[in-house]
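Below is one structure, written out as structure tokens; the observations come after it.
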Amino acid sequence: MSEEKKLFKVTIDNITVEVEPGTTILNAARQIGGEVTPPAMCYYSKLKNSGGKCRTCLVEVAAGSTADPRPMPKLVASCRTTVMDGMIVKNITSERVLDARAGVVEFLLLNHPLDCPICDQAGECHLQDLSYEHGKEGTRYEFNRRTFKKHDLGEYIQLHMTRCILCYRCVFVADQLTNKRAHGILDRGDHAEIATYIEKSLDNDFIGNVIDVCPVGALTDKTFRFKNRVWFTKPVDAHRDCSKCCGEVQLWMRGDEVFRVTARKDEWGEVKDSTKGGPGWICNECRFEKKDAKDWTIEGPTQVSRHSVISQGHYVNVVKPKETLPDVMGGRGPKLLMNIHNVSEVNSPEIELSKIAGPAHSDDFKNSLDNGK
Amino acid sequence: MEGLLLSLFTFHFSLFMVPFSEEKLAKVQEIIARYPEGKQKSALLPVLHLAQEVHGWLSAETMDYVASLLQLEPIEVYEVATFYSMYNLKPVGKYLFEVCQTGPCMINGSDDIVDYIKQRLGIGVGETTPDGLFTLKTVECLGACGYAPMMQLGKHYKEHLTREKVDQIIEECRKTAGQLN
Amino acid sequence: MGVKLLLEKAHVEGIRSYEVYRREGGYRAVEKALKTMSPDAVTEEVKKSGLRGRGGAGFPSGMKWSFLAKPEGVPRHLVCNADESEPGTFKDRYLMEFLPHLLIEGLIVSSFALGSNATYIYIRGEYAWIPDILEQAIAEAKANGWLGKNILGSGFDCEIYVQRGAGAYICGEETALIESLEGKRGNPRIKPPFPAVKGVWDRPTVVNNVETLAAVVPIINMGGEEYAKIGVGRSTGTKLISACGNINKPGVYEIDMTISVEEFIYSDEYCGGIKNGKRLKACIPGGSSVPILPANLLLKTAKGETRYMNYESLSDGGFATGSMMGSGGFIVLDEDQCIVKNTYTLARFYRHESCGQCSPCREGTGWMEKILKNIDMGKGKMSDIDLLWDIQRKIEGNTICPLGDAAAWPVAAAIRHFRDEFEWHVKNPQECLTRNYGLANYADPLVIPA
Ligand SMILES: Cc1cc2nc3c(=O)[nH]c(=O)nc-3n(C[C@H](O)[C@H](O)[C@H](O)COP(=O)(O)O)c2cc1C
Ligand code: SF4
Ligand code: SF4
Ligand code: FES
Ligand code: FES
């Protein structure tokens, strides 16, 4: 006897939505979409046990439920807190949340190299988006940033630990998608790092997915590295018959050349479900070894969220996210921390990236430009 | 069990790794038996302590050996060994002086004790004397705040430290080391 | 002399051995519980006693026990938290070292109440000699029929195991402890689920402090109601205080919670006054994470009333003018101590002990340490003080586990009560390296200098 399931009513930033019991606040907010959705740097709906760590998704619970309408004393991680019927949540309508979130962003950027000009992830980096929208201008940190030895994770994957925000997503990928995890979190506290301890290459068939889940440019595709800035390439949906994975991918092309292959992403930056059902994780072969357009059946241009810098280029199928901001914020706009366009001219081809010692900063580029070749 | 034997056979023993003695292997089994079936990972911290007794530190080879004993992936052992401050991941001197420097010890003069040890041994914090006898480390509160200043030396605490007491301790260490050789 | 329930026999010659402990009335509580009471009746006595957790949070223990989920066919576990790593705290060590059988007895009775057939003592790794003492006591108890199968014919089976940690303060947090017991990194879990539902190996688990579990022995022996008559208000029974710092008689004291802070510091029965005849400057009354109080607010509340050594009185005034009982680590600072330096060492401690899982604590603790070090070294700026305040504010309440709060509170309280000292450091970058700020206007109101 299937009894009709009772849905829970939850109100987030004055917008009410009905969701299944057991839904987290974050996923309820994603059903509404737009700016009322808290940013999530560590939660990943397709990875079990993820979330709770970065604290960017903190929200205020103004009323716990209809039955117990008391507010929760502390801000809660929306990605790990389930809704109750009649819960009232404040995200961008809460000064406390905005203040705490600005703090979290500042903490996350504290030791981040901000080497966006030379980072492969620039343009599709969630940290960059986050600091755009929720950060304060500039940092008050006056100490040397933490640095790490570079780690080589084999022929396919490059690890730039200095950029890592310790979201643990890549560890969950290795645990949940591969049968043998070879990398993990070593050390603790502010020395904690992603590593293999002794040099080891990550070569499991599905390990390449760590690149897709990494919210920053810490794990990048070596077969793509520095070949091109992501916004100069054009994403198209494509597929092939693959015995290991769903074979449904995005090709990042310029002209007829395939520069990079990734899984398809949804509007939250997560790997989309494949048309065959289940998350559309892709295998290493599809990702790293099929760099010829002939390997693929091209379906057409990918829909790119307008949210992304990539869409600043020349794409047609831009999806416009729901504009809820004016409704809930009384016209107040997001704050700008760092405008990638101000520094993007440094991405000119005459700069020899390998000549720059250590992680590069935009200043390095200015100097090397001034010193003129 | 099959996997266990296999991993033992395929394992390459190296210089920094002595496989456990019969007695130690029996101890490992005894520890594993404390936990529910299949939860032998729980034995990891105690077994790493046992492993460290051999050389005073944990080499990658030793950790791999522990992984094979407990049927774990090596990375699971590295993750744990690097998390806890008591596991030495580099060789240390025969006598490891771990001087507490947290608030309660600091207000009772631990800085002076650290300076004095540095001067006596001619080494800095984190260094080992050339003869390999002494390593000096500073640590955070060891739960002996009422008996400050203090340090850990092997299994035991040396408390109410003074310069004279430090002299005595160094002397004793040198003596026992001499007798052992 | 106040009432002694835990340490009464501490000085009896040979009390560490089973024979002497038994001769002095040991294991009566096990007899009483297992022969004459049901597990729920034991829990009921603990509830009546008003016993509050002695590990720091002060949560009512009986209530905690009654929350334990009891699904059919799923084993449950009691875990004794002997990680004791909060700076200033060394009371559990004293109990385990000198009265091991008292703890074992408390563990047997508590395991019976909770239905734990395998109970674990998780002890900090640095206390490397204590597991031997405890294992000896366990073996003796077992040899005498207090542990093992069908104890005293009650049908109750119980084993106790000692598990050593390996150097991590965070493993005192109960879910980090559980992770560590499972052989993992000590990363606190994200709650819910709570240990009472899903603890070690996903089984329902109760984690209690050493002292809490030892206190179950006198509670069962004298009855919960009698126990509740000792002390005052919701601070029932006795509490172990480990006193350290600049006092004449550092050590572990058992108090009934009716004595005043002044008596505790100055009477010969306890701390015996400030060392070398100096004056009291400040005190951290409940372990390093609780707010530091200047002498004037320590001995008297903001309302001018006498402050007592109990949960309610120590927290009178909230964080604005009060502090907390915490773990009972009582750290006394005399007039020669530098608040900036002390705060810096504590900030360094929390940075060192952060597990690194969540960003506010991982990044914020290191940032605070660096700024405090600068101020201590005479390299600080005025704006650093406000910056520190802002950082601690952004850590507090926004982290996965309370270590974030524990790191934020000492910094907040130091700035709140000793801001002038921080400013003096900034204004006198040279002088602050060679001398201390001294007492200023928060001098001990009791001792008027000649
Ligand atoms: C960072 C941190 C460290 C802690 N350390 C200890 C400890 O060393 N010993 C302890 O008993 N409780 C400690 N606690 C408290 C425990 O989480 C838990 O509340 C306690 O063991 C419960 O026992 P109780 O109810 O008997 O006090 C700590 C908590 C935190 C957040
Ligand atoms: S490398 Fe990337 S995915 Fe892995 S923890 Fe760091 S930021 Fe997260
Ligand atoms: S607050 Fe600190 S110790 Fe606690 S989970 Fe977060 S990083 Fe770890
Ligand atoms: S997304 Fe919720 S804490 Fe990171
Ligand atoms: S502060 Fe040194 S032992 Fe506690």
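Labels for the structure tokens follow display order: chains A, B, ..., residues from 1 in each chain, ligands from 1.
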
Exercise answer, chain C residues close to chain B, 7 Å and only C-alpha atoms, as a PyMOL selection string: chain C and resi 84-85+87-90+126+128-129+164-168+181-185+243-245+250-251+331+337+342+345-346+349

Long-range neighbours of range 194-208 of chain A as an MDAnalysis selection string, 8 Å cut-off, only C-alpha atoms, 4 positions minimum in chain: (chainID A and resid 151:157 161 164 166 173:174 177:178 180 182:186 212 281:285 287) or (chainID B and resid 60 75 78)

Could you save the residues just selected, with N, CA and C atoms, as a PDB file, in the first residue's frame?
```
ATOM      1  N   HIS A 151      53.605  17.566  -6.195  1.00  0.00           N
ATOM      2  CA  HIS A 151      53.479  16.122  -6.284  1.00  0.00           C
ATOM      3  C   HIS A 151      53.072  15.722  -7.684  1.00  0.00           C
ATOM      4  N   ASP A 152      53.651  14.656  -8.115  1.00  0.00           N
ATOM      5  CA  ASP A 152      53.308  14.139  -9.407  1.00  0.00           C
ATOM      6  C   ASP A 152      52.439  12.925  -9.181  1.00  0.00           C
ATOM      7  N   LEU A 153      51.281  12.942  -9.765  1.00  0.00           N
ATOM      8  CA  LEU A 153      50.400  11.800  -9.568  1.00  0.00           C
ATOM      9  C   LEU A 153      50.318  10.961 -10.844  1.00  0.00           C
ATOM     10  N   GLY A 154      51.464  10.757 -11.472  1.00  0.00           N
ATOM     11  CA  GLY A 154      51.452   9.928 -12.676  1.00  0.00           C
ATOM     12  C   GLY A 154      51.333  10.742 -13.946  1.00  0.00           C
ATOM     13  N   GLU A 155      51.122  10.063 -15.043  1.00  0.00           N
ATOM     14  CA  GLU A 155      51.211  10.744 -16.330  1.00  0.00           C
ATOM     15  C   GLU A 155      49.979  11.571 -16.683  1.00  0.00           C
ATOM     16  N   TYR A 156      48.882  11.356 -15.967  1.00  0.00           N
ATOM     17  CA  TYR A 156      47.645  12.024 -16.357  1.00  0.00           C
ATOM     18  C   TYR A 156      47.268  13.214 -15.469  1.00  0.00           C
ATOM     19  N   ILE A 157      47.599  13.082 -14.197  1.00  0.00           N
ATOM     20  CA  ILE A 157      47.031  14.037 -13.242  1.00  0.00           C
ATOM     21  C   ILE A 157      48.118  14.855 -12.571  1.00  0.00           C
ATOM     22  N   MET A 161      49.178  21.245  -4.879  1.00  0.00           N
ATOM     23  CA  MET A 161      48.629  21.224  -3.532  1.00  0.00           C
ATOM     24  C   MET A 161      48.379  22.622  -2.978  1.00  0.00           C
ATOM     25  N   CYS A 164      44.837  23.604  -3.120  1.00  0.00           N
ATOM     26  CA  CYS A 164      43.813  22.702  -2.560  1.00  0.00           C
ATOM     27  C   CYS A 164      43.079  23.355  -1.393  1.00  0.00           C
ATOM     28  N   LEU A 166      41.127  21.358   0.560  1.00  0.00           N
ATOM     29  CA  LEU A 166      40.842  20.210   1.422  1.00  0.00           C
ATOM     30  C   LEU A 166      39.351  19.901   1.542  1.00  0.00           C
ATOM     31  N   VAL A 173      36.089  10.201  -4.163  1.00  0.00           N
ATOM     32  CA  VAL A 173      36.069   9.603  -5.497  1.00  0.00           C
ATOM     33  C   VAL A 173      36.907   8.329  -5.495  1.00  0.00           C
ATOM     34  N   ALA A 174      38.109   8.434  -4.960  1.00  0.00           N
ATOM     35  CA  ALA A 174      38.993   7.266  -4.958  1.00  0.00           C
ATOM     36  C   ALA A 174      38.392   6.140  -4.127  1.00  0.00           C
ATOM     37  N   LEU A 177      34.736   5.218  -6.169  1.00  0.00           N
ATOM     38  CA  LEU A 177      34.708   4.876  -7.592  1.00  0.00           C
ATOM     39  C   LEU A 177      35.805   3.897  -7.997  1.00  0.00           C
ATOM     40  N   THR A 178      36.834   3.802  -7.176  1.00  0.00           N
ATOM     41  CA  THR A 178      37.919   2.904  -7.556  1.00  0.00           C
ATOM     42  C   THR A 178      38.049   1.841  -6.462  1.00  0.00           C
ATOM     43  N   LYS A 180      40.847   0.788  -5.170  1.00  0.00           N
ATOM     44  CA  LYS A 180      42.086   0.881  -4.429  1.00  0.00           C
ATOM     45  C   LYS A 180      42.451   2.358  -4.322  1.00  0.00           C
ATOM     46  N   ALA A 182      44.895   5.283  -3.545  1.00  0.00           N
ATOM     47  CA  ALA A 182      46.343   5.431  -3.381  1.00  0.00           C
ATOM     48  C   ALA A 182      46.725   6.827  -2.899  1.00  0.00           C
ATOM     49  N   HIS A 183      45.776   7.746  -2.899  1.00  0.00           N
ATOM     50  CA  HIS A 183      46.088   9.077  -2.373  1.00  0.00           C
ATOM     51  C   HIS A 183      45.118   9.389  -1.240  1.00  0.00           C
ATOM     52  N   GLY A 184      45.496  10.339  -0.421  1.00  0.00           N
ATOM     53  CA  GLY A 184      44.643  10.662   0.714  1.00  0.00           C
ATOM     54  C   GLY A 184      45.112  11.942   1.372  1.00  0.00           C
ATOM     55  N   ILE A 185      44.590  12.196   2.571  1.00  0.00           N
ATOM     56  CA  ILE A 185      44.962  13.399   3.300  1.00  0.00           C
ATOM     57  C   ILE A 185      46.074  13.027   4.279  1.00  0.00           C
ATOM     58  N   LEU A 186      47.198  13.640   4.136  1.00  0.00           N
ATOM     59  CA  LEU A 186      48.301  13.392   5.058  1.00  0.00           C
ATOM     60  C   LEU A 186      48.460  14.579   6.001  1.00  0.00           C
ATOM     61  N   ASP A 212      37.397  16.251 -12.281  1.00  0.00           N
ATOM     62  CA  ASP A 212      36.085  16.881 -12.423  1.00  0.00           C
ATOM     63  C   ASP A 212      35.481  17.324 -11.103  1.00  0.00           C
ATOM     64  N   TRP A 281      30.062   9.508 -14.534  1.00  0.00           N
ATOM     65  CA  TRP A 281      31.517   9.489 -14.386  1.00  0.00           C
ATOM     66  C   TRP A 281      32.121   8.921 -15.668  1.00  0.00           C
ATOM     67  N   ILE A 282      33.290   9.374 -16.046  1.00  0.00           N
ATOM     68  CA  ILE A 282      33.900   8.810 -17.245  1.00  0.00           C
ATOM     69  C   ILE A 282      35.236   8.146 -16.917  1.00  0.00           C
ATOM     70  N   CYS A 283      35.657   7.265 -17.795  1.00  0.00           N
ATOM     71  CA  CYS A 283      36.875   6.497 -17.521  1.00  0.00           C
ATOM     72  C   CYS A 283      38.100   7.231 -18.062  1.00  0.00           C
ATOM     73  N   ASN A 284      39.243   6.770 -17.662  1.00  0.00           N
ATOM     74  CA  ASN A 284      40.490   7.421 -18.072  1.00  0.00           C
ATOM     75  C   ASN A 284      40.712   7.370 -19.581  1.00  0.00           C
ATOM     76  N   GLU A 285      40.289   6.281 -20.169  1.00  0.00           N
ATOM     77  CA  GLU A 285      40.500   6.154 -21.597  1.00  0.00           C
ATOM     78  C   GLU A 285      39.757   7.266 -22.339  1.00  0.00           C
ATOM     79  N   ARG A 287      38.756  10.046 -21.139  1.00  0.00           N
ATOM     80  CA  ARG A 287      39.211  11.357 -20.719  1.00  0.00           C
ATOM     81  C   ARG A 287      40.586  11.714 -21.284  1.00  0.00           C
TER      82      ARG A 287
ATOM     83  N   ALA B  60      58.571   4.173   5.411  1.00  0.00           N
ATOM     84  CA  ALA B  60      57.476   3.814   4.505  1.00  0.00           C
ATOM     85  C   ALA B  60      57.351   2.297   4.417  1.00  0.00           C
ATOM     86  N   ILE B  75      47.973   3.644   1.919  1.00  0.00           N
ATOM     87  CA  ILE B  75      47.615   5.048   2.148  1.00  0.00           C
ATOM     88  C   ILE B  75      46.828   5.206   3.449  1.00  0.00           C
ATOM     89  N   TYR B  78      49.480   5.555   6.005  1.00  0.00           N
ATOM     90  CA  TYR B  78      50.180   6.847   5.926  1.00  0.00           C
ATOM     91  C   TYR B  78      49.309   7.963   6.487  1.00  0.00           C
TER      92      TYR B  78
END
```

Mind running chain C against ligand 3 at 8 Å and telling me each contacting residue's nearest atom pair with the distance in Å (one decimal), counting only C-alpha atoms and all ligand atoms, chain and number ascending, as a tab-separated table?
```
residue	atom	partner	partner_atom_place_in_ligand_line	distance
C:Ile170	CA	ligand 3	3 (S)	6.0
C:Asn187	CA	ligand 3	8 (Fe)	6.0
C:Pro188	CA	ligand 3	5 (S)	5.2
C:Arg189	CA	ligand 3	5 (S)	7.5
C:Glu353	CA	ligand 3	3 (S)	6.9
C:Ser354	CA	ligand 3	3 (S)	4.2
C:Cys355	CA	ligand 3	8 (Fe)	3.9
C:Gly356	CA	ligand 3	7 (S)	4.0
C:Gln357	CA	ligand 3	7 (S)	4.2
C:Cys358	CA	ligand 3	6 (Fe)	4.2
C:Ser359	CA	ligand 3	7 (S)	6.5
C:Pro360	CA	ligand 3	7 (S)	7.2
C:Cys361	CA	ligand 3	2 (Fe)	4.4
C:Arg362	CA	ligand 3	7 (S)	4.9
C:Thr399	CA	ligand 3	1 (S)	4.6
C:Ile400	CA	ligand 3	5 (S)	4.6
C:Cys401	CA	ligand 3	4 (Fe)	4.0
C:Pro402	CA	ligand 3	1 (S)	5.8
C:Leu403	CA	ligand 3	1 (S)	4.7
C:Gly404	CA	ligand 3	1 (S)	4.1
C:Asp405	CA	ligand 3	1 (S)	7.5
```

Interatomic distance (Å, one decimal) between CA of Val332 in chain C and CA of Leu7 in chain C: 22.8 Å

Distance filter 10 Å, only C-alpha atoms, chain A against chain C, as JSON, numbers by chain: {"A": [42, 49, 51, 52, 53, 54, 55, 56, 58, 73, 74, 75, 76, 77, 80, 81, 82, 99, 100, 101, 102, 103, 104, 105, 106, 107, 108, 109, 110, 111, 140, 141, 142, 143, 165, 166, 167, 168, 185, 186, 187, 188, 189, 190, 191, 192, 193]}

In range 136-382 of chain C, DSSP strand (DSSP E) residues written as a PyMOL selection string: chain C and resi 159-164+205-209+231-232+235-236+238-245+251-256+280-284+293-294+329-334

Can you list, as a short mmCIF file (atom, residue, chain, number, x, y, z; two decimals) with N, CA and C atoms, in the first residue's frame, every protein, DNA or RNA residue that comes within 10 Å of Leu161 in chain B when you count only C-alpha atoms, leaving out same-chain residues fewer than 5 positions away?
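The result, stored in part-v8.cif:
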```cif
data_model
loop_
_atom_site.label_atom_id
_atom_site.label_comp_id
_atom_site.auth_asym_id
_atom_site.auth_seq_id
_atom_site.Cartn_x
_atom_site.Cartn_y
_atom_site.Cartn_z
N VAL B 99 60.06 18.34 25.15
CA VAL B 99 59.81 19.31 26.20
C VAL B 99 58.50 20.04 25.94
N ASN B 108 55.95 28.39 33.98
CA ASN B 108 56.87 27.83 34.97
C ASN B 108 58.28 27.65 34.42
N GLY B 109 58.57 28.33 33.34
CA GLY B 109 59.95 28.38 32.89
C GLY B 109 60.39 27.33 31.88
N SER B 110 59.48 26.81 31.05
CA SER B 110 59.90 25.79 30.08
C SER B 110 60.84 26.36 29.01
N ILE B 113 64.29 25.90 30.08
CA ILE B 113 64.71 24.49 30.00
C ILE B 113 65.09 24.15 28.55
N TYR B 147 53.20 19.70 37.39
CA TYR B 147 54.55 19.27 37.73
C TYR B 147 55.55 19.89 36.76
N ALA B 148 55.20 21.09 36.29
CA ALA B 148 55.97 21.77 35.25
C ALA B 148 57.25 22.39 35.83
N PRO B 149 58.23 22.67 34.97
CA PRO B 149 58.34 22.24 33.56
C PRO B 149 58.65 20.75 33.46
N MET B 150 58.34 20.18 32.31
CA MET B 150 58.46 18.73 32.19
C MET B 150 58.81 18.33 30.78
N MET B 151 59.23 17.07 30.64
CA MET B 151 59.40 16.54 29.30
C MET B 151 59.11 15.05 29.31
N VAL B 166 68.21 18.47 34.40
CA VAL B 166 68.52 18.21 32.99
C VAL B 166 69.92 17.61 32.87
N ILE B 169 69.80 14.01 33.87
CA ILE B 169 69.13 13.15 32.88
C ILE B 169 70.08 12.85 31.71
#
```
